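Source file: start_31.pdb (PDB, C-alpha atoms and all ligand atoms)
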```pdb
ATOM      1  CA  MET S 191     145.610  36.128 107.825
ATOM      2  CA  GLN S 192     144.088  39.286 106.443
ATOM      3  CA  ARG S 193     140.993  38.854 104.311
ATOM      4  CA  PRO S 194     141.507  39.660 100.595
ATOM      5  CA  LEU S 195     140.204  43.147  99.872
ATOM      6  CA  PRO S 196     136.881  43.174  97.981
ATOM      7  CA  HIS S 197     138.389  44.833  94.894
ATOM      8  CA  GLN S 198     140.823  41.922  94.595
ATOM      9  CA  SER S 199     138.219  39.189  94.946
ATOM     10  CA  GLY S 200     137.362  38.922  91.248
ATOM     11  CA  VAL S 201     133.666  39.793  91.658
ATOM     12  CA  ASP S 202     131.896  42.324  89.462
ATOM     13  CA  PRO S 203     131.692  45.895  90.702
ATOM     14  CA  ILE S 204     128.496  46.977  92.462
ATOM     15  CA  ILE S 205     128.862  50.633  91.419
ATOM     16  CA  GLN S 206     130.559  52.046  88.348
ATOM     17  CA  TYR S 207     131.211  55.651  87.409
ATOM     18  CA  VAL S 208     131.815  55.477  83.656
ATOM     19  CA  HIS S 209     133.504  58.541  82.125
ATOM     20  CA  VAL S 210     131.209  60.918  83.991
ATOM     21  CA  LYS S 211     131.234  64.600  83.111
ATOM     22  CA  LYS S 212     129.362  67.150  85.202
ATOM     23  CA  ALA S 213     129.243  70.941  85.301
ATOM     24  CA  PHE S 214     127.027  73.543  86.946
ATOM     25  CA  GLY S 215     126.891  76.378  84.425
ATOM     26  CA  PRO S 216     130.478  77.371  83.649
ATOM     27  CA  LYS S 217     131.791  75.514  86.711
ATOM     28  CA  LYS S 218     133.182  72.117  85.731
ATOM     29  CA  ILE S 219     133.022  69.545  88.497
ATOM     30  CA  TYR S 220     134.259  66.403  86.696
ATOM     31  CA  ASP S 221     135.988  66.035  83.316
ATOM     32  CA  ASP S 222     136.219  62.281  83.558
ATOM     33  CA  LEU S 223     135.130  60.562  86.740
ATOM     34  CA  HIS S 224     135.859  56.914  86.109
ATOM     35  CA  PHE S 225     136.205  54.173  88.727
ATOM     36  CA  ASN S 226     134.528  51.120  90.278
ATOM     37  CA  ILE S 227     133.372  50.177  93.745
ATOM     38  CA  TYR S 228     133.222  46.490  94.722
ATOM     39  CA  PRO S 229     130.643  44.657  96.846
ATOM     40  CA  GLY S 230     131.493  44.705 100.533
ATOM     41  CA  GLU S 231     134.196  47.322 100.373
ATOM     42  CA  THR S 232     134.457  50.546 102.313
ATOM     43  CA  LEU S 233     135.690  53.276 100.021
ATOM     44  CA  THR S 234     136.507  56.682 101.450
ATOM     45  CA  VAL S 235     136.371  59.763  99.262
ATOM     46  CA  LEU S 236     138.786  62.542 100.160
ATOM     47  CA  GLY S 237     139.150  65.897  98.468
ATOM     48  CA  GLY S 238     139.107  69.627  99.130
ATOM     49  CA  SER S 239     135.922  71.603  99.665
ATOM     50  CA  GLY S 240     133.870  71.932  96.478
ATOM     51  CA  THR S 241     135.692  69.172  94.570
ATOM     52  CA  GLY S 242     132.432  67.253  94.065
ATOM     53  CA  LYS S 243     132.453  64.630  96.799
ATOM     54  CA  SER S 244     128.804  65.133  97.719
ATOM     55  CA  VAL S 245     127.768  65.440  94.064
ATOM     56  CA  MET S 246     129.322  62.021  93.483
ATOM     57  CA  ILE S 247     127.035  60.316  95.970
ATOM     58  CA  LYS S 248     123.998  62.416  95.054
ATOM     59  CA  MET S 249     124.231  60.888  91.562
ATOM     60  CA  LEU S 250     123.759  57.473  93.187
ATOM     61  CA  ILE S 251     120.427  58.296  94.780
ATOM     62  CA  GLY S 252     118.913  60.168  91.863
ATOM     63  CA  LEU S 253     119.335  63.688  93.260
ATOM     64  CA  LEU S 254     121.693  64.660  90.409
ATOM     65  CA  LYS S 255     122.482  63.209  86.980
ATOM     66  CA  PRO S 256     125.723  63.205  84.974
ATOM     67  CA  ASP S 257     125.908  65.491  81.914
ATOM     68  CA  GLU S 258     127.764  62.727  80.074
ATOM     69  CA  GLY S 259     128.790  59.194  80.992
ATOM     70  CA  GLN S 260     126.973  56.823  83.289
ATOM     71  CA  VAL S 261     126.558  55.881  86.912
ATOM     72  CA  LEU S 262     125.724  52.173  87.142
ATOM     73  CA  PHE S 263     124.373  50.198  90.094
ATOM     74  CA  HIS S 264     124.627  46.460  89.351
ATOM     75  CA  ASP S 265     124.921  47.393  85.648
ATOM     76  CA  LEU S 266     121.711  49.459  85.845
ATOM     77  CA  ASP S 267     122.164  52.966  84.416
ATOM     78  CA  LEU S 268     120.599  55.266  87.038
ATOM     79  CA  ALA S 269     120.166  58.476  85.021
ATOM     80  CA  PRO S 270     117.213  57.404  82.822
ATOM     81  CA  LEU S 271     115.227  55.903  85.715
ATOM     82  CA  LYS S 272     111.761  57.295  86.405
ATOM     83  CA  ASP S 273     110.939  58.330  89.976
ATOM     84  CA  HIS S 274     109.052  55.117  90.762
ATOM     85  CA  GLU S 275     111.964  53.012  89.431
ATOM     86  CA  MET S 276     114.359  55.013  91.580
ATOM     87  CA  ILE S 277     112.333  54.053  94.670
ATOM     88  CA  ASP S 278     113.507  50.446  94.263
ATOM     89  CA  VAL S 279     117.115  51.588  94.095
ATOM     90  CA  ARG S 280     116.619  53.803  97.166
ATOM     91  CA  LYS S 281     115.628  50.735  99.199
ATOM     92  CA  LYS S 282     119.053  49.261  98.451
ATOM     93  CA  ILE S 283     121.181  52.411  98.745
ATOM     94  CA  SER S 284     120.841  54.273 102.005
ATOM     95  CA  MET S 285     122.212  57.686 102.870
ATOM     96  CA  VAL S 286     123.402  58.860 106.266
ATOM     97  CA  PHE S 287     122.957  62.605 106.259
ATOM     98  CA  GLN S 288     125.443  65.069 107.673
ATOM     99  CA  LEU S 289     122.909  66.253 110.212
ATOM    100  CA  ALA S 290     121.001  63.357 111.692
ATOM    101  CA  ALA S 291     117.759  64.885 110.310
ATOM    102  CA  LEU S 292     115.527  63.037 112.747
ATOM    103  CA  PHE S 293     111.817  63.802 113.048
ATOM    104  CA  ASP S 294     111.582  65.807 116.270
ATOM    105  CA  SER S 295     107.951  64.897 116.844
ATOM    106  CA  LEU S 296     108.609  61.149 116.688
ATOM    107  CA  THR S 297     110.206  58.982 119.375
ATOM    108  CA  VAL S 298     113.513  57.230 118.771
ATOM    109  CA  PHE S 299     111.577  54.010 118.118
ATOM    110  CA  GLU S 300     109.329  55.641 115.516
ATOM    111  CA  ASN S 301     112.274  57.407 113.860
ATOM    112  CA  ILE S 302     114.065  54.096 113.310
ATOM    113  CA  ALA S 303     110.835  52.329 112.346
ATOM    114  CA  TYR S 304     109.915  55.038 109.830
ATOM    115  CA  PRO S 305     111.588  53.579 106.690
ATOM    116  CA  LEU S 306     110.177  50.144 107.509
ATOM    117  CA  ARG S 307     106.649  51.552 107.752
ATOM    118  CA  VAL S 308     107.037  53.485 104.489
ATOM    119  CA  HIS S 309     108.713  50.788 102.396
ATOM    120  CA  LEU S 310     107.889  47.372 103.816
ATOM    121  CA  LYS S 311     104.742  45.647 104.911
ATOM    122  CA  LEU S 312     105.874  44.212 108.222
ATOM    123  CA  SER S 313     103.905  43.220 111.295
ATOM    124  CA  GLU S 314     104.276  45.309 114.477
ATOM    125  CA  GLU S 315     106.242  42.405 115.948
ATOM    126  CA  GLU S 316     108.700  42.351 113.074
ATOM    127  CA  ILE S 317     109.110  46.113 113.271
ATOM    128  CA  THR S 318     109.791  45.941 117.004
ATOM    129  CA  GLU S 319     112.328  43.182 116.461
ATOM    130  CA  ARG S 320     114.203  45.094 113.766
ATOM    131  CA  VAL S 321     114.230  48.338 115.760
ATOM    132  CA  THR S 322     115.423  46.524 118.891
ATOM    133  CA  ASN S 323     118.216  44.883 116.880
ATOM    134  CA  GLN S 324     119.281  48.243 115.544
ATOM    135  CA  LEU S 325     119.452  49.730 119.039
ATOM    136  CA  SER S 326     121.731  46.917 120.175
ATOM    137  CA  LEU S 327     123.880  47.294 117.052
ATOM    138  CA  ILE S 328     124.514  50.940 117.889
ATOM    139  CA  ASN S 329     124.865  50.128 121.602
ATOM    140  CA  VAL S 330     122.143  52.526 122.672
ATOM    141  CA  PRO S 331     120.136  51.448 125.755
ATOM    142  CA  GLN S 332     116.687  50.123 124.867
ATOM    143  CA  GLU S 333     115.079  52.610 127.337
ATOM    144  CA  LEU S 334     115.984  55.452 124.999
ATOM    145  CA  GLN S 335     113.502  54.235 122.399
ATOM    146  CA  HIS S 336     110.701  56.219 124.059
ATOM    147  CA  ARG S 337     112.648  59.481 124.132
ATOM    148  CA  TYR S 338     112.371  62.291 121.604
ATOM    149  CA  PRO S 339     115.366  63.612 119.612
ATOM    150  CA  GLY S 340     115.301  66.922 121.527
ATOM    151  CA  GLU S 341     116.226  65.012 124.695
ATOM    152  CA  LEU S 342     119.350  63.402 123.174
ATOM    153  CA  SER S 343     122.959  64.530 122.735
ATOM    154  CA  GLY S 344     124.346  65.230 119.245
ATOM    155  CA  GLY S 345     126.346  62.001 119.306
ATOM    156  CA  VAL S 346     123.338  59.842 120.198
ATOM    157  CA  LYS S 347     121.190  61.583 117.563
ATOM    158  CA  LYS S 348     123.826  60.689 115.002
ATOM    159  CA  LEU S 349     123.704  57.066 116.127
ATOM    160  CA  ILE S 350     119.914  57.000 115.790
ATOM    161  CA  GLY S 351     120.244  58.507 112.283
ATOM    162  CA  LEU S 352     122.699  55.748 111.446
ATOM    163  CA  ALA S 353     120.368  53.078 112.847
ATOM    164  CA  ARG S 354     117.551  54.449 110.713
ATOM    165  CA  SER S 355     119.744  54.194 107.600
ATOM    166  CA  VAL S 356     120.752  50.607 108.330
ATOM    167  CA  VAL S 357     117.344  49.256 109.403
ATOM    168  CA  MET S 358     116.278  48.598 105.800
ATOM    169  CA  GLU S 359     119.320  46.332 105.455
ATOM    170  CA  PRO S 360     120.606  48.201 102.407
ATOM    171  CA  GLU S 361     123.323  46.862 100.119
ATOM    172  CA  VAL S 362     125.086  50.218 100.046
ATOM    173  CA  ILE S 363     125.405  52.892 102.727
ATOM    174  CA  LEU S 364     126.539  56.385 101.817
ATOM    175  CA  TYR S 365     127.994  58.499 104.599
ATOM    176  CA  ASP S 366     128.442  62.213 103.917
ATOM    177  CA  GLU S 367     130.680  63.561 106.679
ATOM    178  CA  PRO S 368     129.174  61.357 109.391
ATOM    179  CA  THR S 369     131.364  62.731 112.185
ATOM    180  CA  THR S 370     131.589  66.429 111.310
ATOM    181  CA  GLY S 371     130.727  68.481 114.395
ATOM    182  CA  LEU S 372     130.968  65.549 116.809
ATOM    183  CA  ASP S 373     133.225  65.378 119.858
ATOM    184  CA  PRO S 374     136.214  62.977 119.666
ATOM    185  CA  GLU S 375     134.528  60.192 121.652
ATOM    186  CA  SER S 376     131.387  60.193 119.502
ATOM    187  CA  THR S 377     133.593  60.293 116.403
ATOM    188  CA  VAL S 378     135.353  57.105 117.497
ATOM    189  CA  VAL S 379     131.994  55.409 118.202
ATOM    190  CA  ILE S 380     130.703  56.239 114.708
ATOM    191  CA  ASN S 381     133.971  55.232 113.026
ATOM    192  CA  LYS S 382     133.885  51.866 114.791
ATOM    193  CA  LEU S 383     130.288  51.355 113.730
ATOM    194  CA  ILE S 384     131.103  52.046 110.087
ATOM    195  CA  ARG S 385     133.602  49.211 110.237
ATOM    196  CA  GLN S 386     131.389  46.932 112.318
ATOM    197  CA  ILE S 387     128.436  47.331 109.928
ATOM    198  CA  GLN S 388     130.700  46.447 107.010
ATOM    199  CA  GLN S 389     132.085  43.372 108.747
ATOM    200  CA  GLU S 390     128.831  42.059 110.245
ATOM    201  CA  ARG S 391     126.437  42.910 107.446
ATOM    202  CA  GLY S 392     128.783  42.854 104.463
ATOM    203  CA  VAL S 393     127.481  46.197 103.193
ATOM    204  CA  THR S 394     129.307  48.316 100.677
ATOM    205  CA  SER S 395     130.058  51.759 102.086
ATOM    206  CA  ILE S 396     131.119  55.043 100.563
ATOM    207  CA  VAL S 397     132.331  57.481 103.185
ATOM    208  CA  ILE S 398     133.089  61.156 102.694
ATOM    209  CA  THR S 399     135.117  62.402 105.618
ATOM    210  CA  HIS S 400     137.752  64.889 106.674
ATOM    211  CA  ASP S 401     138.754  62.639 109.578
ATOM    212  CA  MET S 402     141.989  60.976 108.422
ATOM    213  CA  GLY S 403     142.241  58.774 111.519
ATOM    214  CA  GLY S 404     138.800  57.395 110.722
ATOM    215  CA  ALA S 405     139.615  57.003 107.027
ATOM    216  CA  PHE S 406     142.753  54.989 107.795
ATOM    217  CA  TYR S 407     140.849  52.857 110.307
ATOM    218  CA  PHE S 408     137.766  51.788 108.330
ATOM    219  CA  SER S 409     138.693  52.111 104.635
ATOM    220  CA  ASP S 410     139.608  49.301 102.291
ATOM    221  CA  ARG S 411     140.476  51.886  99.658
ATOM    222  CA  ILE S 412     140.696  55.659  99.498
ATOM    223  CA  ALA S 413     139.844  57.784  96.447
ATOM    224  CA  PHE S 414     141.377  61.257  96.293
ATOM    225  CA  LEU S 415     139.344  63.684  94.216
ATOM    226  CA  LYS S 416     141.326  66.538  92.688
ATOM    227  CA  ASP S 417     141.566  68.340  89.335
ATOM    228  CA  ARG S 418     138.055  67.191  88.346
ATOM    229  CA  HIS S 419     138.798  63.473  88.427
ATOM    230  CA  ILE S 420     139.953  60.648  90.706
ATOM    231  CA  TYR S 421     143.519  61.819  91.098
ATOM    232  CA  LYS S 422     144.505  58.638  92.897
ATOM    233  CA  LEU S 423     142.726  55.549  94.165
ATOM    234  CA  GLY S 424     144.468  52.981  96.317
ATOM    235  CA  THR S 425     144.480  50.941  99.487
ATOM    236  CA  VAL S 426     145.156  52.750 102.750
ATOM    237  CA  GLN S 427     148.748  51.485 102.610
ATOM    238  CA  GLU S 428     149.223  52.641  99.033
ATOM    239  CA  MET S 429     147.845  56.097  99.794
ATOM    240  CA  ARG S 430     149.983  56.508 102.898
ATOM    241  CA  ALA S 431     153.054  55.417 100.964
ATOM    242  CA  ALA S 432     152.347  57.690  97.954
ATOM    243  CA  SER S 433     155.232  60.064  97.302
ATOM    244  CA  ASP S 434     153.027  62.594  95.453
ATOM    245  CA  PRO S 435     153.137  65.819  97.519
ATOM    246  CA  ALA S 436     149.493  66.650  96.678
ATOM    247  CA  ILE S 437     148.399  63.433  98.378
ATOM    248  CA  GLN S 438     150.800  63.683 101.292
ATOM    249  CA  ASN S 439     149.831  67.302 101.989
ATOM    250  CA  PHE S 440     146.171  66.404 101.950
ATOM    251  CA  LEU S 441     146.631  63.431 104.262
ATOM    252  CA  ARG S 442     148.544  65.703 106.656
ATOM    253  CA  GLY S 443     145.926  68.437 106.499
ATOM    254  CA  ILE S 444     148.057  70.981 104.628
ATOM    255  CA  PRO S 445     145.801  73.155 102.399
ATOM    256  CA  ASP S 446     145.972  72.806  98.612
ATOM    257  CA  GLU S 447     147.767  75.656  96.814
ATOM    258  CA  GLU S 448     145.310  75.524  93.881
TER     259      GLU S 448
HETATM  260  N1  LIG K   1     122.643  71.529  92.730
HETATM  261  C1  LIG K   1     123.687  72.313  92.499
HETATM  262  N2  LIG K   1     123.580  73.405  91.715
HETATM  263  C2  LIG K   1     124.645  74.201  91.467
HETATM  264  N3  LIG K   1     125.880  73.979  91.951
HETATM  265  C3  LIG K   1     126.060  72.910  92.734
HETATM  266  C4  LIG K   1     124.972  72.021  93.052
HETATM  267  N4  LIG K   1     125.444  71.029  93.851
HETATM  268  C5  LIG K   1     126.762  71.294  94.023
HETATM  269  N5  LIG K   1     127.124  72.406  93.361
HETATM  270  C6  LIG K   1     128.492  72.943  93.298
HETATM  271  O1  LIG K   1     129.358  71.923  92.866
HETATM  272  C7  LIG K   1     130.603  71.952  93.588
HETATM  273  C8  LIG K   1     130.844  70.617  94.235
HETATM  274  O2  LIG K   1     129.873  70.446  95.270
HETATM  275  P1  LIG K   1     129.946  69.318  96.369
HETATM  276  O3  LIG K   1     128.815  69.592  97.291
HETATM  277  O4  LIG K   1     130.008  67.987  95.741
HETATM  278  O5  LIG K   1     131.345  69.632  97.071
HETATM  279  P2  LIG K   1     132.069  68.788  98.206
HETATM  280  O6  LIG K   1     133.314  68.213  97.627
HETATM  281  O7  LIG K   1     131.106  67.869  98.827
HETATM  282  O8  LIG K   1     132.519  69.957  99.226
HETATM  283  P3  LIG K   1     132.425  70.062 100.834
HETATM  284  O9  LIG K   1     133.681  69.410 101.368
HETATM  285  O10 LIG K   1     132.455  71.533 101.069
HETATM  286  O11 LIG K   1     131.163  69.398 101.285
HETATM  287  C9  LIG K   1     130.471  73.113  94.552
HETATM  288  O12 LIG K   1     131.116  74.219  93.977
HETATM  289  C10 LIG K   1     128.998  73.359  94.666
HETATM  290  O13 LIG K   1     128.721  74.697  94.926
HETATM  291 MG    MG K   2     130.077  67.797 100.619
END
```

Mind converting the file's structure to structure tokens?
Amino acid sequence: MQRPLPHQSGVDPIIQYVHVKKAFGPKKIYDDLHFNIYPGETLTVLGGSGTGKSVMIKMLIGLLKPDEGQVLFHDLDLAPLKDHEMIDVRKKISMVFQLAALFDSLTVFENIAYPLRVHLKLSEEEITERVTNQLSLINVPQELQHRYPGELSGGVKKLIGLARSVVMEPEVILYDEPTTGLDPESTVVINKLIRQIQQERGVTSIVITHDMGGAFYFSDRIAFLKDRHIYKLGTVQEMRAASDPAIQNFLRGIPDEE
């Protein structure tokens, strides 16, 4: 039997966007962004270029604030937090950047160990254990831990970036276009990992992607951002079955007329 989807399980949301308004100068991004994300779910955000997908997740890690409304993490309003209070949130919400953004002067091992050294007081043994576990999670041979990023392919660099984001065992992982620029094989590897990390670690994930195959494979729900709000939010099945031409065109890769 299929597991019940997290949004149907009756638990409280982990993240809430509450009537969020945001503009940059005259350019309105959201009139009323209003929806919940539930613990353990993988929610994919789709929408045309410039519709505010990245802004949405930047508000979760304190890089941007709403003009009006609230962004809540476990009922904690993020906007008023001071920098040092935000550090605690950042240990629980991890971001996988579009480019792997590894430190070129550090080995693979030290890249993955970096957040542990900065945020946690762990022994060398514990650090080694966590890094080794991460390398097996991403299926990268242990020998590669002594290499430098410059010696690795784009796909492997992406995997190491992912390992570094997961090593802190965050509650939430944010993926901003994790497979953009990757070859098809590496894309499949990353898409499988997104699902595997959700299933094995129970993390909540928000994924921004243009890869529909991936979105259909790993998402519990899909949010479609259009006209400055969540135009539609539903399960993969509901989105695929939607008769609305704006949704169907987007899912089929036909450009928006807007
Ligand atoms: N810090 C900022 N200052 C001014 N304008 C910004 C800022 N951040 C984003 N914007 C603008 O807000 C709009 C939404 O940006 P965002 O990066 O969220 O788009 P997106 O949906 O992620 O698009 P893409 O698919 O191209 O990545 C864009 O027009 C962008 O130029
Ligand atoms: Mg973006």

- Residues picked by the PyMOL selection byres (((chain S and resi 396) around 12) and not hetatm) here, as number ranges by chain? S: 204-205, 226-236, 243-244, 246-248, 250, 283-286, 361-368, 384-385, 388, 393-395, 397-399, 405, 408-413

Limited to C-alpha atoms, could you put the picked residues into a file as an mmCIF file, keeping the file's coordinate frame?
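Below you can see out.cif, which holds the result:
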```cif
data_model
loop_
_atom_site.group_PDB
_atom_site.id
_atom_site.type_symbol
_atom_site.label_atom_id
_atom_site.label_comp_id
_atom_site.auth_asym_id
_atom_site.auth_seq_id
_atom_site.Cartn_x
_atom_site.Cartn_y
_atom_site.Cartn_z
ATOM 1 C CA ILE S 204 128.496 46.977 92.462
ATOM 2 C CA ILE S 205 128.862 50.633 91.419
ATOM 3 C CA ASN S 226 134.528 51.120 90.278
ATOM 4 C CA ILE S 227 133.372 50.177 93.745
ATOM 5 C CA TYR S 228 133.222 46.490 94.722
ATOM 6 C CA PRO S 229 130.643 44.657 96.846
ATOM 7 C CA GLY S 230 131.493 44.705 100.533
ATOM 8 C CA GLU S 231 134.196 47.322 100.373
ATOM 9 C CA THR S 232 134.457 50.546 102.313
ATOM 10 C CA LEU S 233 135.690 53.276 100.021
ATOM 11 C CA THR S 234 136.507 56.682 101.450
ATOM 12 C CA VAL S 235 136.371 59.763 99.262
ATOM 13 C CA LEU S 236 138.786 62.542 100.160
ATOM 14 C CA LYS S 243 132.453 64.630 96.799
ATOM 15 C CA SER S 244 128.804 65.133 97.719
ATOM 16 C CA MET S 246 129.322 62.021 93.483
ATOM 17 C CA ILE S 247 127.035 60.316 95.970
ATOM 18 C CA LYS S 248 123.998 62.416 95.054
ATOM 19 C CA LEU S 250 123.759 57.473 93.187
ATOM 20 C CA ILE S 283 121.181 52.411 98.745
ATOM 21 C CA SER S 284 120.841 54.273 102.005
ATOM 22 C CA MET S 285 122.212 57.686 102.870
ATOM 23 C CA VAL S 286 123.402 58.860 106.266
ATOM 24 C CA GLU S 361 123.323 46.862 100.119
ATOM 25 C CA VAL S 362 125.086 50.218 100.046
ATOM 26 C CA ILE S 363 125.405 52.892 102.727
ATOM 27 C CA LEU S 364 126.539 56.385 101.817
ATOM 28 C CA TYR S 365 127.994 58.499 104.599
ATOM 29 C CA ASP S 366 128.442 62.213 103.917
ATOM 30 C CA GLU S 367 130.680 63.561 106.679
ATOM 31 C CA PRO S 368 129.174 61.357 109.391
ATOM 32 C CA ILE S 384 131.103 52.046 110.087
ATOM 33 C CA ARG S 385 133.602 49.211 110.237
ATOM 34 C CA GLN S 388 130.700 46.447 107.010
ATOM 35 C CA VAL S 393 127.481 46.197 103.193
ATOM 36 C CA THR S 394 129.307 48.316 100.677
ATOM 37 C CA SER S 395 130.058 51.759 102.086
ATOM 38 C CA VAL S 397 132.331 57.481 103.185
ATOM 39 C CA ILE S 398 133.089 61.156 102.694
ATOM 40 C CA THR S 399 135.117 62.402 105.618
ATOM 41 C CA ALA S 405 139.615 57.003 107.027
ATOM 42 C CA PHE S 408 137.766 51.788 108.330
ATOM 43 C CA SER S 409 138.693 52.111 104.635
ATOM 44 C CA ASP S 410 139.608 49.301 102.291
ATOM 45 C CA ARG S 411 140.476 51.886 99.658
ATOM 46 C CA ILE S 412 140.696 55.659 99.498
ATOM 47 C CA ALA S 413 139.844 57.784 96.447
#
```

- Message: What would the selection look like, as an NGL selection string, if the PyMOL selection byres (((chain S and resi 268-273) around 9) and not hetatm) were run on the coordinates I just shared?
- Response: :S and (249-252 or 254-256 or 260-263 or 266-267 or 274-277 or 279)

- Task: Excluding Leu306 in chain S and any residue of its chain fewer than 6 positions from it, enumerate the residues within 12 Å of it, using only C-alpha atoms, and give them as an MDAnalysis selection string.
- Result: chainID S and resid 281 299:300 312:314 316:321 353:360

- Using only C-alpha atoms and all ligand atoms, find the one residue out of S:Lys348, S:His400, S:His197, S:Lys422 that sits nearest to ligand MG 2 (chain K).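 For ligand MG 2 (chain K), the nearest of the given residues is S:His400.
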
- Message: If I take CA of Pro445 in chain S and atom P2 of ligand LIG 1 (chain K), how far is one from the other in Å, to one decimal?
- Response: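 Between CA of Pro445 in chain S and atom P2 of ligand LIG 1 (chain K) the gap is 15.0 Å.
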
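For the atom pair formed by atom O13 of ligand LIG 1 (chain K) and CA of Tyr421 in chain S, the distance is 20.0 Å, given to one decimal.
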
Rows by chain and residue number, chain S within 7 Å of ligand LIG 1 (chain K), shortest pair, all atoms listed in the file, as a tab-separated table:
```
residue	atom	partner	partner_atom	distance
S:Phe214	CA	K:LIG1	C2	5.2
S:Ile219	CA	K:LIG1	C7	6.1
S:Gly237	CA	K:LIG1	O6	6.3
S:Gly238	CA	K:LIG1	O9	5.9
S:Ser239	CA	K:LIG1	O9	3.6
S:Gly240	CA	K:LIG1	O5	3.5
S:Thr241	CA	K:LIG1	O6	4.0
S:Gly242	CA	K:LIG1	O4	3.0
S:Lys243	CA	K:LIG1	O6	3.8
S:Ser244	CA	K:LIG1	O4	3.7
S:Val245	CA	K:LIG1	O4	3.8
S:Met246	CA	K:LIG1	O4	6.4
```

Export, as a CSV table (one decimal), in the coordinates of the input, the selected residues with C-alpha atoms.
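File produced: out.csv:
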```
chain,number,residue,atom,x,y,z
S,214,PHE,CA,127.0,73.5,86.9
S,219,ILE,CA,133.0,69.5,88.5
S,237,GLY,CA,139.2,65.9,98.5
S,238,GLY,CA,139.1,69.6,99.1
S,239,SER,CA,135.9,71.6,99.7
S,240,GLY,CA,133.9,71.9,96.5
S,241,THR,CA,135.7,69.2,94.6
S,242,GLY,CA,132.4,67.3,94.1
S,243,LYS,CA,132.5,64.6,96.8
S,244,SER,CA,128.8,65.1,97.7
S,245,VAL,CA,127.8,65.4,94.1
S,246,MET,CA,129.3,62.0,93.5
```

- Message: For a quick check of understanding, using all atoms listed in the file, which of S:Tyr207, S:Phe414, S:Phe287, S:Tyr407 has the smallest distance to ligand MG 2 (chain K)?
- Response: S:Phe287

- Quick one: everything within 12 Å of Leu349 in chain S, counting only C-alpha atoms, minus sequence neighbours fewer than 2 positions away in the same chain. Send it as a VMD selection string. chain S and resid 286 to 292 298 301 to 302 324 to 331 334 339 342 to 347 351 to 356 368 to 369 372 376 to 384

- Item | Gap from CA of Leu310 in chain S to CA of Asn323 in chain S - Å, one decimal |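 Between these atoms lies a distance of 16.8 Å.
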
- Note on the structure: The residue from S:Ile350, S:Ile444, S:Met402, S:Leu415 with the smallest atom-to-atom distance to ligand MG 2 (chain K), counting all atoms listed in the file, is S:Leu415

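Among S:Asp202, S:Thr370, S:Leu296, S:Tyr338, the residue with the shortest atom-to-atom distance to ligand MG 2 (chain K), counting all atoms listed in the file, is S:Thr370.
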
Complete the atoms of range 205-217 of chain S to N, CA and C atoms and put them out as a PDB file, in the coordinates of the input.
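Dumped everything to part34.pdb:
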```
ATOM      1  N   ILE S 205     129.101  49.266  91.907  1.00  0.00           N
ATOM      2  CA  ILE S 205     128.862  50.633  91.419  1.00  0.00           C
ATOM      3  C   ILE S 205     129.965  50.985  90.437  1.00  0.00           C
ATOM      4  N   GLN S 206     129.560  51.603  89.319  1.00  0.00           N
ATOM      5  CA  GLN S 206     130.559  52.046  88.348  1.00  0.00           C
ATOM      6  C   GLN S 206     130.269  53.482  87.928  1.00  0.00           C
ATOM      7  N   TYR S 207     131.270  54.318  88.021  1.00  0.00           N
ATOM      8  CA  TYR S 207     131.211  55.651  87.409  1.00  0.00           C
ATOM      9  C   TYR S 207     131.953  55.522  86.090  1.00  0.00           C
ATOM     10  N   VAL S 208     131.230  55.727  84.976  1.00  0.00           N
ATOM     11  CA  VAL S 208     131.815  55.477  83.656  1.00  0.00           C
ATOM     12  C   VAL S 208     131.965  56.803  82.909  1.00  0.00           C
ATOM     13  N   HIS S 209     133.182  57.301  82.855  1.00  0.00           N
ATOM     14  CA  HIS S 209     133.504  58.541  82.125  1.00  0.00           C
ATOM     15  C   HIS S 209     132.466  59.643  82.367  1.00  0.00           C
ATOM     16  N   VAL S 210     132.241  59.935  83.638  1.00  0.00           N
ATOM     17  CA  VAL S 210     131.209  60.918  83.991  1.00  0.00           C
ATOM     18  C   VAL S 210     131.752  62.344  83.859  1.00  0.00           C
ATOM     19  N   LYS S 211     130.949  63.160  83.158  1.00  0.00           N
ATOM     20  CA  LYS S 211     131.234  64.600  83.111  1.00  0.00           C
ATOM     21  C   LYS S 211     130.081  65.316  83.789  1.00  0.00           C
ATOM     22  N   LYS S 212     130.414  66.378  84.534  1.00  0.00           N
ATOM     23  CA  LYS S 212     129.362  67.150  85.202  1.00  0.00           C
ATOM     24  C   LYS S 212     129.831  68.589  85.377  1.00  0.00           C
ATOM     25  N   ALA S 213     128.944  69.521  85.065  1.00  0.00           N
ATOM     26  CA  ALA S 213     129.243  70.941  85.301  1.00  0.00           C
ATOM     27  C   ALA S 213     127.985  71.608  85.817  1.00  0.00           C
ATOM     28  N   PHE S 214     128.153  72.682  86.582  1.00  0.00           N
ATOM     29  CA  PHE S 214     127.027  73.543  86.946  1.00  0.00           C
ATOM     30  C   PHE S 214     127.299  74.875  86.276  1.00  0.00           C
ATOM     31  N   GLY S 215     126.592  75.167  85.192  1.00  0.00           N
ATOM     32  CA  GLY S 215     126.891  76.378  84.425  1.00  0.00           C
ATOM     33  C   GLY S 215     128.329  76.300  83.947  1.00  0.00           C
ATOM     34  N   PRO S 216     129.083  77.381  84.132  1.00  0.00           N
ATOM     35  CA  PRO S 216     130.478  77.371  83.649  1.00  0.00           C
ATOM     36  C   PRO S 216     131.405  76.563  84.556  1.00  0.00           C
ATOM     37  N   LYS S 217     130.910  76.180  85.742  1.00  0.00           N
ATOM     38  CA  LYS S 217     131.791  75.514  86.711  1.00  0.00           C
ATOM     39  C   LYS S 217     131.843  74.015  86.467  1.00  0.00           C
TER      40      LYS S 217
END
```
